[in-house]
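*Asks:* One file: data-v2.pdb (PDB, C-alpha atoms).
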```pdb
ATOM      1  CA  GLY A 259      88.860 110.213 121.541  1.00  0.00           C
ATOM      2  CA  SER A 260      88.421 112.975 119.038  1.00  0.00           C
ATOM      3  CA  CYS A 261      85.851 113.440 116.275  1.00  0.00           C
ATOM      4  CA  ALA A 262      86.364 113.953 112.555  1.00  0.00           C
ATOM      5  CA  ALA A 263      84.044 114.055 109.542  1.00  0.00           C
ATOM      6  CA  THR A 264      85.865 111.223 107.741  1.00  0.00           C
ATOM      7  CA  CYS A 265      87.713 107.996 108.476  1.00  0.00           C
ATOM      8  CA  ASP A 266      90.463 107.752 105.886  1.00  0.00           C
ATOM      9  CA  ALA A 267      92.231 104.539 104.908  1.00  0.00           C
ATOM     10  CA  PRO A 268      94.167 102.729 106.207  1.00  0.00           C
ATOM     11  CA  LEU A 269      92.094 103.316 109.370  1.00  0.00           C
ATOM     12  CA  THR A 270      88.937 101.205 109.356  1.00  0.00           C
ATOM     13  CA  GLN A 271      85.317 102.283 109.726  1.00  0.00           C
ATOM     14  CA  ASN A 272      83.103 100.418 112.160  1.00  0.00           C
ATOM     15  CA  THR A 273      79.720 100.938 113.792  1.00  0.00           C
ATOM     16  CA  PHE A 274      79.030 100.259 117.462  1.00  0.00           C
ATOM     17  CA  LEU A 275      75.595 100.794 119.005  1.00  0.00           C
ATOM     18  CA  GLY A 276      74.568 102.784 115.933  1.00  0.00           C
ATOM     19  CA  LYS A 277      77.543 105.159 116.127  1.00  0.00           C
ATOM     20  CA  ASP A 278      80.339 105.477 113.568  1.00  0.00           C
ATOM     21  CA  LEU A 279      83.839 104.657 114.764  1.00  0.00           C
ATOM     22  CA  CYS A 280      87.216 105.094 113.105  1.00  0.00           C
ATOM     23  CA  GLU A 281      89.523 102.383 114.394  1.00  0.00           C
ATOM     24  CA  PHE A 282      93.205 101.568 114.344  1.00  0.00           C
ATOM     25  CA  PRO A 283      93.167  97.904 113.240  1.00  0.00           C
ATOM     26  CA  CYS A 284      96.617  96.971 114.578  1.00  0.00           C
ATOM     27  CA  THR A 285      97.605  95.845 118.035  1.00  0.00           C
ATOM     28  CA  SER A 286      99.604  98.090 120.331  1.00  0.00           C
ATOM     29  CA  GLY A 287     103.214  98.522 119.176  1.00  0.00           C
ATOM     30  CA  GLU A 288     102.466  97.732 115.543  1.00  0.00           C
ATOM     31  CA  GLY A 289     102.726 100.220 112.686  1.00  0.00           C
ATOM     32  CA  LEU A 290      99.768 100.624 110.317  1.00  0.00           C
ATOM     33  CA  TYR A 291     100.872 100.921 106.681  1.00  0.00           C
ATOM     34  CA  TRP A 292      99.205 102.634 103.713  1.00  0.00           C
ATOM     35  CA  ASP A 293      98.143  99.222 102.368  1.00  0.00           C
ATOM     36  CA  GLY A 294      96.267  98.355 105.583  1.00  0.00           C
ATOM     37  CA  SER A 295      98.870  95.890 106.868  1.00  0.00           C
ATOM     38  CA  CYS A 296     100.284  95.930 110.403  1.00  0.00           C
ATOM     39  CA  GLU A 297     103.895  95.226 111.376  1.00  0.00           C
ATOM     40  CA  ALA A 298     105.444  94.679 114.774  1.00  0.00           C
ATOM     41  CA  GLY A 299     107.978  97.245 115.892  1.00  0.00           C
ATOM     42  CA  GLY A 300     106.278 100.258 114.322  1.00  0.00           C
ATOM     43  CA  CYS A 301     107.096 101.824 110.965  1.00  0.00           C
ATOM     44  CA  ASP A 302     110.034 101.074 108.673  1.00  0.00           C
ATOM     45  CA  SER A 303     112.767 103.672 109.315  1.00  0.00           C
ATOM     46  CA  ARG A 304     112.609 104.878 105.687  1.00  0.00           C
ATOM     47  CA  VAL A 305     109.001 106.109 105.846  1.00  0.00           C
ATOM     48  CA  THR A 306     107.284 108.904 107.760  1.00  0.00           C
ATOM     49  CA  THR A 307     105.640 108.002 111.065  1.00  0.00           C
ATOM     50  CA  ASN A 308     102.544 109.993 112.013  1.00  0.00           C
ATOM     51  CA  THR A 309     101.114 109.419 115.470  1.00  0.00           C
ATOM     52  CA  VAL A 310      97.313 109.286 115.423  1.00  0.00           C
ATOM     53  CA  ALA A 311      95.555 108.828 118.768  1.00  0.00           C
ATOM     54  CA  GLY A 312      98.794 107.393 120.196  1.00  0.00           C
ATOM     55  CA  GLU A 313      99.262 104.848 117.389  1.00  0.00           C
ATOM     56  CA  ASP A 314     101.843 104.755 114.567  1.00  0.00           C
ATOM     57  CA  LEU A 315     100.539 105.436 111.076  1.00  0.00           C
ATOM     58  CA  CYS A 316     103.243 104.668 108.476  1.00  0.00           C
ATOM     59  CA  VAL A 317     103.132 107.090 105.531  1.00  0.00           C
ATOM     60  CA  TYR A 318     104.896 106.812 102.167  1.00  0.00           C
ATOM     61  CA  PRO A 319     105.698 110.496 101.519  1.00  0.00           C
ATOM     62  CA  CYS A 320     106.365 110.371  97.757  1.00  0.00           C
ATOM     63  CA  SER A 321     104.063 110.785  94.766  1.00  0.00           C
ATOM     64  CA  THR A 322     103.126 107.763  92.668  1.00  0.00           C
ATOM     65  CA  GLY A 323     106.080 106.771  90.467  1.00  0.00           C
ATOM     66  CA  ASP A 324     108.689 108.578  92.580  1.00  0.00           C
ATOM     67  CA  TYR A 325     111.338 106.746  94.589  1.00  0.00           C
ATOM     68  CA  LEU A 326     111.874 107.354  98.290  1.00  0.00           C
ATOM     69  CA  TYR A 327     115.608 107.849  98.890  1.00  0.00           C
ATOM     70  CA  TRP A 328     117.528 106.971 102.066  1.00  0.00           C
ATOM     71  CA  ASP A 329     117.639 110.652 103.070  1.00  0.00           C
ATOM     72  CA  GLY A 330     113.838 111.037 102.941  1.00  0.00           C
ATOM     73  CA  SER A 331     113.740 112.865  99.601  1.00  0.00           C
ATOM     74  CA  CYS A 332     111.610 111.793  96.637  1.00  0.00           C
ATOM     75  CA  ASP A 333     112.907 111.627  93.077  1.00  0.00           C
ATOM     76  CA  ASP A 334     112.581 109.752  89.796  1.00  0.00           C
ATOM     77  CA  PRO A 335     114.411 107.810  88.492  1.00  0.00           C
ATOM     78  CA  CYS A 336     116.638 105.778  90.803  1.00  0.00           C
ATOM     79  CA  SER A 337     120.238 105.631  89.545  1.00  0.00           C
ATOM     80  CA  PRO A 338     121.357 102.218  88.254  1.00  0.00           C
ATOM     81  CA  LEU A 339     124.246 102.463  90.751  1.00  0.00           C
ATOM     82  CA  LEU A 340     121.754 102.294  93.605  1.00  0.00           C
ATOM     83  CA  THR A 341     119.476  99.518  94.832  1.00  0.00           C
ATOM     84  CA  THR A 342     115.821  99.674  93.837  1.00  0.00           C
ATOM     85  CA  THR A 343     113.358  97.892  96.097  1.00  0.00           C
ATOM     86  CA  ILE A 344     109.583  97.645  96.163  1.00  0.00           C
ATOM     87  CA  TYR A 345     108.090  97.518  99.653  1.00  0.00           C
ATOM     88  CA  LYS A 346     104.329  97.286 100.071  1.00  0.00           C
ATOM     89  CA  ASP A 347     103.889  98.331  96.402  1.00  0.00           C
ATOM     90  CA  GLU A 348     105.946 101.528  96.792  1.00  0.00           C
ATOM     91  CA  LEU A 349     109.348 102.371  95.289  1.00  0.00           C
ATOM     92  CA  PHE A 350     112.540 102.804  97.314  1.00  0.00           C
ATOM     93  CA  CYS A 351     116.026 103.814  96.177  1.00  0.00           C
ATOM     94  CA  ASP A 352     118.675 102.685  98.662  1.00  0.00           C
ATOM     95  CA  PHE A 353     122.399 103.348  98.952  1.00  0.00           C
ATOM     96  CA  PRO A 354     123.835  99.807  98.993  1.00  0.00           C
ATOM     97  CA  CYS A 355     127.168 100.583 100.654  1.00  0.00           C
ATOM     98  CA  THR A 356     127.955 100.896 104.342  1.00  0.00           C
ATOM     99  CA  THR A 357     127.897 104.465 105.673  1.00  0.00           C
ATOM    100  CA  GLY A 358     131.266 106.058 104.900  1.00  0.00           C
ATOM    101  CA  GLU A 359     132.017 103.805 101.919  1.00  0.00           C
ATOM    102  CA  PHE A 360     132.202 105.007  98.327  1.00  0.00           C
ATOM    103  CA  ARG A 361     129.975 103.683  95.547  1.00  0.00           C
ATOM    104  CA  TYR A 362     131.879 103.053  92.290  1.00  0.00           C
ATOM    105  CA  TYR A 363     130.531 103.189  88.714  1.00  0.00           C
ATOM    106  CA  ASP A 364     130.956  99.382  88.467  1.00  0.00           C
ATOM    107  CA  SER A 365     128.493  98.950  91.385  1.00  0.00           C
ATOM    108  CA  THR A 366     131.146  98.007  93.950  1.00  0.00           C
ATOM    109  CA  CYS A 367     131.756  99.638  97.324  1.00  0.00           C
ATOM    110  CA  ALA A 368     135.106 100.555  98.886  1.00  0.00           C
ATOM    111  CA  ALA A 369     136.418 102.451 101.904  1.00  0.00           C
ATOM    112  CA  THR A 370     138.478 104.904  99.806  1.00  0.00           C
ATOM    113  CA  CYS A 371     138.278 106.871  96.574  1.00  0.00           C
ATOM    114  CA  PRO A 372     141.890 107.289  95.410  1.00  0.00           C
ATOM    115  CA  ALA A 373     143.106 109.767  92.777  1.00  0.00           C
ATOM    116  CA  PRO A 374     142.587 110.162  89.901  1.00  0.00           C
ATOM    117  CA  TYR A 375     138.957 109.336  90.725  1.00  0.00           C
ATOM    118  CA  SER A 376     136.917 112.081  92.385  1.00  0.00           C
ATOM    119  CA  ALA A 377     134.690 111.807  95.449  1.00  0.00           C
ATOM    120  CA  THR A 378     131.223 113.270  94.914  1.00  0.00           C
ATOM    121  CA  PRO A 379     128.688 113.548  97.741  1.00  0.00           C
ATOM    122  CA  VAL A 380     125.068 112.731  96.787  1.00  0.00           C
ATOM    123  CA  LYS A 381     122.255 112.958  99.347  1.00  0.00           C
ATOM    124  CA  GLY A 382     124.732 112.510 102.211  1.00  0.00           C
ATOM    125  CA  GLU A 383     126.516 109.477 100.745  1.00  0.00           C
ATOM    126  CA  ASN A 384     129.676 109.224  98.621  1.00  0.00           C
ATOM    127  CA  TYR A 385     130.246 108.291  95.000  1.00  0.00           C
ATOM    128  CA  CYS A 386     133.664 107.694  93.496  1.00  0.00           C
ATOM    129  CA  ASP A 387     133.367 109.162  90.004  1.00  0.00           C
ATOM    130  CA  TYR A 388     135.110 108.383  86.788  1.00  0.00           C
ATOM    131  CA  SER A 389     134.939 111.801  85.167  1.00  0.00           C
ATOM    132  CA  CYS A 390     135.718 110.836  81.567  1.00  0.00           C
ATOM    133  CA  GLY A 391     133.224 110.055  78.834  1.00  0.00           C
ATOM    134  CA  PRO A 392     132.800 106.786  76.935  1.00  0.00           C
ATOM    135  CA  GLY A 393     135.981 105.819  75.077  1.00  0.00           C
ATOM    136  CA  GLU A 394     138.113 108.345  76.993  1.00  0.00           C
ATOM    137  CA  PHE A 395     140.999 107.458  79.283  1.00  0.00           C
ATOM    138  CA  LEU A 396     141.511 108.965  82.729  1.00  0.00           C
ATOM    139  CA  TYR A 397     145.048 110.144  83.438  1.00  0.00           C
ATOM    140  CA  GLU A 398     146.678 110.309  86.879  1.00  0.00           C
ATOM    141  CA  ASP A 399     146.397 114.119  86.920  1.00  0.00           C
ATOM    142  CA  GLY A 400     142.581 113.818  86.642  1.00  0.00           C
ATOM    143  CA  THR A 401     142.345 114.847  82.992  1.00  0.00           C
ATOM    144  CA  CYS A 402     140.754 112.817  80.220  1.00  0.00           C
TER
END
```
For the structure just supplied, provide its representation as structure tokens.
*Replies:*
Amino acid sequence: GSCAATCDAPLTQNTFLGKDLCEFPCTSGEGLYWDGSCEAGGCDSRVTTNTVAGEDLCVYPCSTGDYLYWDGSCDDPCSPLLTTTIYKDELFCDFPCTTGEFRYYDSTCAATCPAPYSATPVKGENYCDYSCGPGEFLYEDGTC
């Protein structure tokens, strides 16, 4: 093993024969999360996996109050068109449609975004936008 001056959570401190140890509390193949829990299969695909002494340490990369998006970026707030989840007391903002589908302003998903709506890419996924303001009508030529 290697030596360090501290044993930071979620690793656990222990003493054996009068010597300080920093231990990975999970069994082999499990991911150790920021809250100290262990899960089979390693870390959730949305979080960062750091390998420490051959073991998976699952890291939430965002600041407190920020949402972790499907593309790995952190931002606040999460759009109402997206799905907000809390996992192990941290915030996630997920794109609820299948890859390649468009997310509509009414929270539905569809395979196409026909005119006069406009396709807008956001963080690698697609929105189908209604470009007019409240009380305005969208014409077939894309004007309001």
*Asks:* Evaluate the PyMOL selection byres ((chain A and resi 280) around 9) against this structure - the residues, as a VMD selection string, please.
*Replies:* chain A and resid 262 264 to 266 269 to 273 278 to 279 281 to 282
*Asks:* If I take CA of Leu315 in chain A and CA of Tyr327 in chain A, how far is one from the other in Å, to one decimal?
*Replies:*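 Atom-to-atom, CA of Leu315 in chain A and CA of Tyr327 in chain A are spaced 19.5 Å apart.
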*Asks:* What would the selection look like, as a list in words, if the PyMOL selection byres ((chain A and resi 393-401) around 8) were run on the coordinates I just shared?
*Replies:* Ala373, Pro374, Tyr375, Tyr388, Ser389, Cys390, Gly391, Pro392 and Cys402 of chain A
*Asks:* Filtering to C-alpha atoms, could you give me those residues as a short mmCIF file (atom, residue, chain, number, x, y, z; two decimals), in the frame of the given file?
*Replies:*
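Wrote again25.cif, looks like this:
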```cif
data_model
loop_
_atom_site.label_atom_id
_atom_site.label_comp_id
_atom_site.auth_asym_id
_atom_site.auth_seq_id
_atom_site.Cartn_x
_atom_site.Cartn_y
_atom_site.Cartn_z
CA ALA A 373 143.11 109.77 92.78
CA PRO A 374 142.59 110.16 89.90
CA TYR A 375 138.96 109.34 90.72
CA TYR A 388 135.11 108.38 86.79
CA SER A 389 134.94 111.80 85.17
CA CYS A 390 135.72 110.84 81.57
CA GLY A 391 133.22 110.06 78.83
CA PRO A 392 132.80 106.79 76.94
CA CYS A 402 140.75 112.82 80.22
#
```
*Asks:* Please measure the separation of CA of Asp293 in chain A and CA of Trp328 in chain A, giving the value in Å to one decimal.
*Replies:*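 Between CA of Asp293 in chain A and CA of Trp328 in chain A the gap works out to 20.9 Å.
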*Asks:* Which residue gives the smallest distance to Cys351 in chain A among A:Cys261, A:Ala298, A:Cys367, A:Leu339, with only C-alpha atoms counted?
*Replies:*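 Looking only at the distances to Cys351 in chain A, the closest residue turns out to be A:Leu339.
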*Asks:* Neighbourhood query: residues within 10 Å of (130.8, 107.6, 99.4), file coordinates, counting all atoms listed in the file; return as a CSV table (one decimal) with C-alpha atoms, in the coordinates of the input.
*Replies:*
```csv
chain,number,residue,atom,x,y,z
A,353,PHE,CA,122.4,103.3,99.0
A,355,CYS,CA,127.2,100.6,100.7
A,356,THR,CA,128.0,100.9,104.3
A,357,THR,CA,127.9,104.5,105.7
A,358,GLY,CA,131.3,106.1,104.9
A,359,GLU,CA,132.0,103.8,101.9
A,360,PHE,CA,132.2,105.0,98.3
A,361,ARG,CA,130.0,103.7,95.5
A,362,TYR,CA,131.9,103.1,92.3
A,367,CYS,CA,131.8,99.6,97.3
A,368,ALA,CA,135.1,100.6,98.9
A,369,ALA,CA,136.4,102.5,101.9
A,370,THR,CA,138.5,104.9,99.8
A,371,CYS,CA,138.3,106.9,96.6
A,377,ALA,CA,134.7,111.8,95.4
A,378,THR,CA,131.2,113.3,94.9
A,379,PRO,CA,128.7,113.5,97.7
A,380,VAL,CA,125.1,112.7,96.8
A,382,GLY,CA,124.7,112.5,102.2
A,383,GLU,CA,126.5,109.5,100.7
A,384,ASN,CA,129.7,109.2,98.6
A,385,TYR,CA,130.2,108.3,95.0
A,386,CYS,CA,133.7,107.7,93.5
A,387,ASP,CA,133.4,109.2,90.0
```
*Asks:* What is the distance between CA of Leu349 in chain A and CA of Gly287 in chain A, in Å to one decimal?
*Replies:* 25.0 Å
*Asks:* Which residues would end up in the selection if the PyMOL selection byres ((chain A and resi 325) around 7) were applied here, given that I need the answer as a VMD selection string?
*Replies:* chain A and resid 320 323 to 324 326 to 327 332 to 336 349 to 351
*Asks:* Could N, CA and C atoms be built for range 272-287 of chain A and written out as a short mmCIF file (atom, residue, chain, number, x, y, z; two decimals), in the coordinates of the input?
*Replies:*
```
data_model
loop_
_atom_site.label_atom_id
_atom_site.label_comp_id
_atom_site.auth_asym_id
_atom_site.auth_seq_id
_atom_site.Cartn_x
_atom_site.Cartn_y
_atom_site.Cartn_z
N ASN A 272 83.89 101.42 111.48
CA ASN A 272 83.10 100.42 112.16
C ASN A 272 81.91 101.13 112.77
N THR A 273 80.89 100.38 113.13
CA THR A 273 79.72 100.94 113.79
C THR A 273 79.50 100.16 115.08
N PHE A 274 79.29 100.89 116.17
CA PHE A 274 79.03 100.26 117.46
C PHE A 274 77.86 100.98 118.11
N LEU A 275 76.82 100.24 118.42
CA LEU A 275 75.60 100.79 119.00
C LEU A 275 75.05 101.95 118.18
N GLY A 276 75.12 101.78 116.85
CA GLY A 276 74.57 102.78 115.93
C GLY A 276 75.44 104.01 115.73
N LYS A 277 76.64 104.01 116.27
CA LYS A 277 77.54 105.16 116.13
C LYS A 277 78.75 104.77 115.28
N ASP A 278 79.19 105.71 114.44
CA ASP A 278 80.34 105.48 113.57
C ASP A 278 81.65 105.62 114.35
N LEU A 279 82.53 104.64 114.14
CA LEU A 279 83.84 104.66 114.76
C LEU A 279 84.92 104.58 113.69
N CYS A 280 86.05 105.19 113.97
CA CYS A 280 87.22 105.09 113.10
C CYS A 280 88.28 104.41 113.95
N GLU A 281 88.67 103.20 113.54
CA GLU A 281 89.52 102.38 114.39
C GLU A 281 90.90 102.15 113.79
N PHE A 282 91.84 101.97 114.69
CA PHE A 282 93.20 101.57 114.34
C PHE A 282 93.21 100.04 114.41
N PRO A 283 93.35 99.35 113.26
CA PRO A 283 93.17 97.90 113.24
C PRO A 283 94.34 97.08 113.77
N CYS A 284 95.43 97.71 114.12
CA CYS A 284 96.62 96.97 114.58
C CYS A 284 96.62 96.86 116.10
N THR A 285 97.44 95.96 116.59
CA THR A 285 97.60 95.84 118.04
C THR A 285 98.65 96.86 118.49
N SER A 286 98.68 97.11 119.77
CA SER A 286 99.60 98.09 120.33
C SER A 286 101.05 97.74 119.97
N GLY A 287 101.82 98.73 119.54
CA GLY A 287 103.21 98.52 119.18
C GLY A 287 103.42 98.20 117.71
#
```
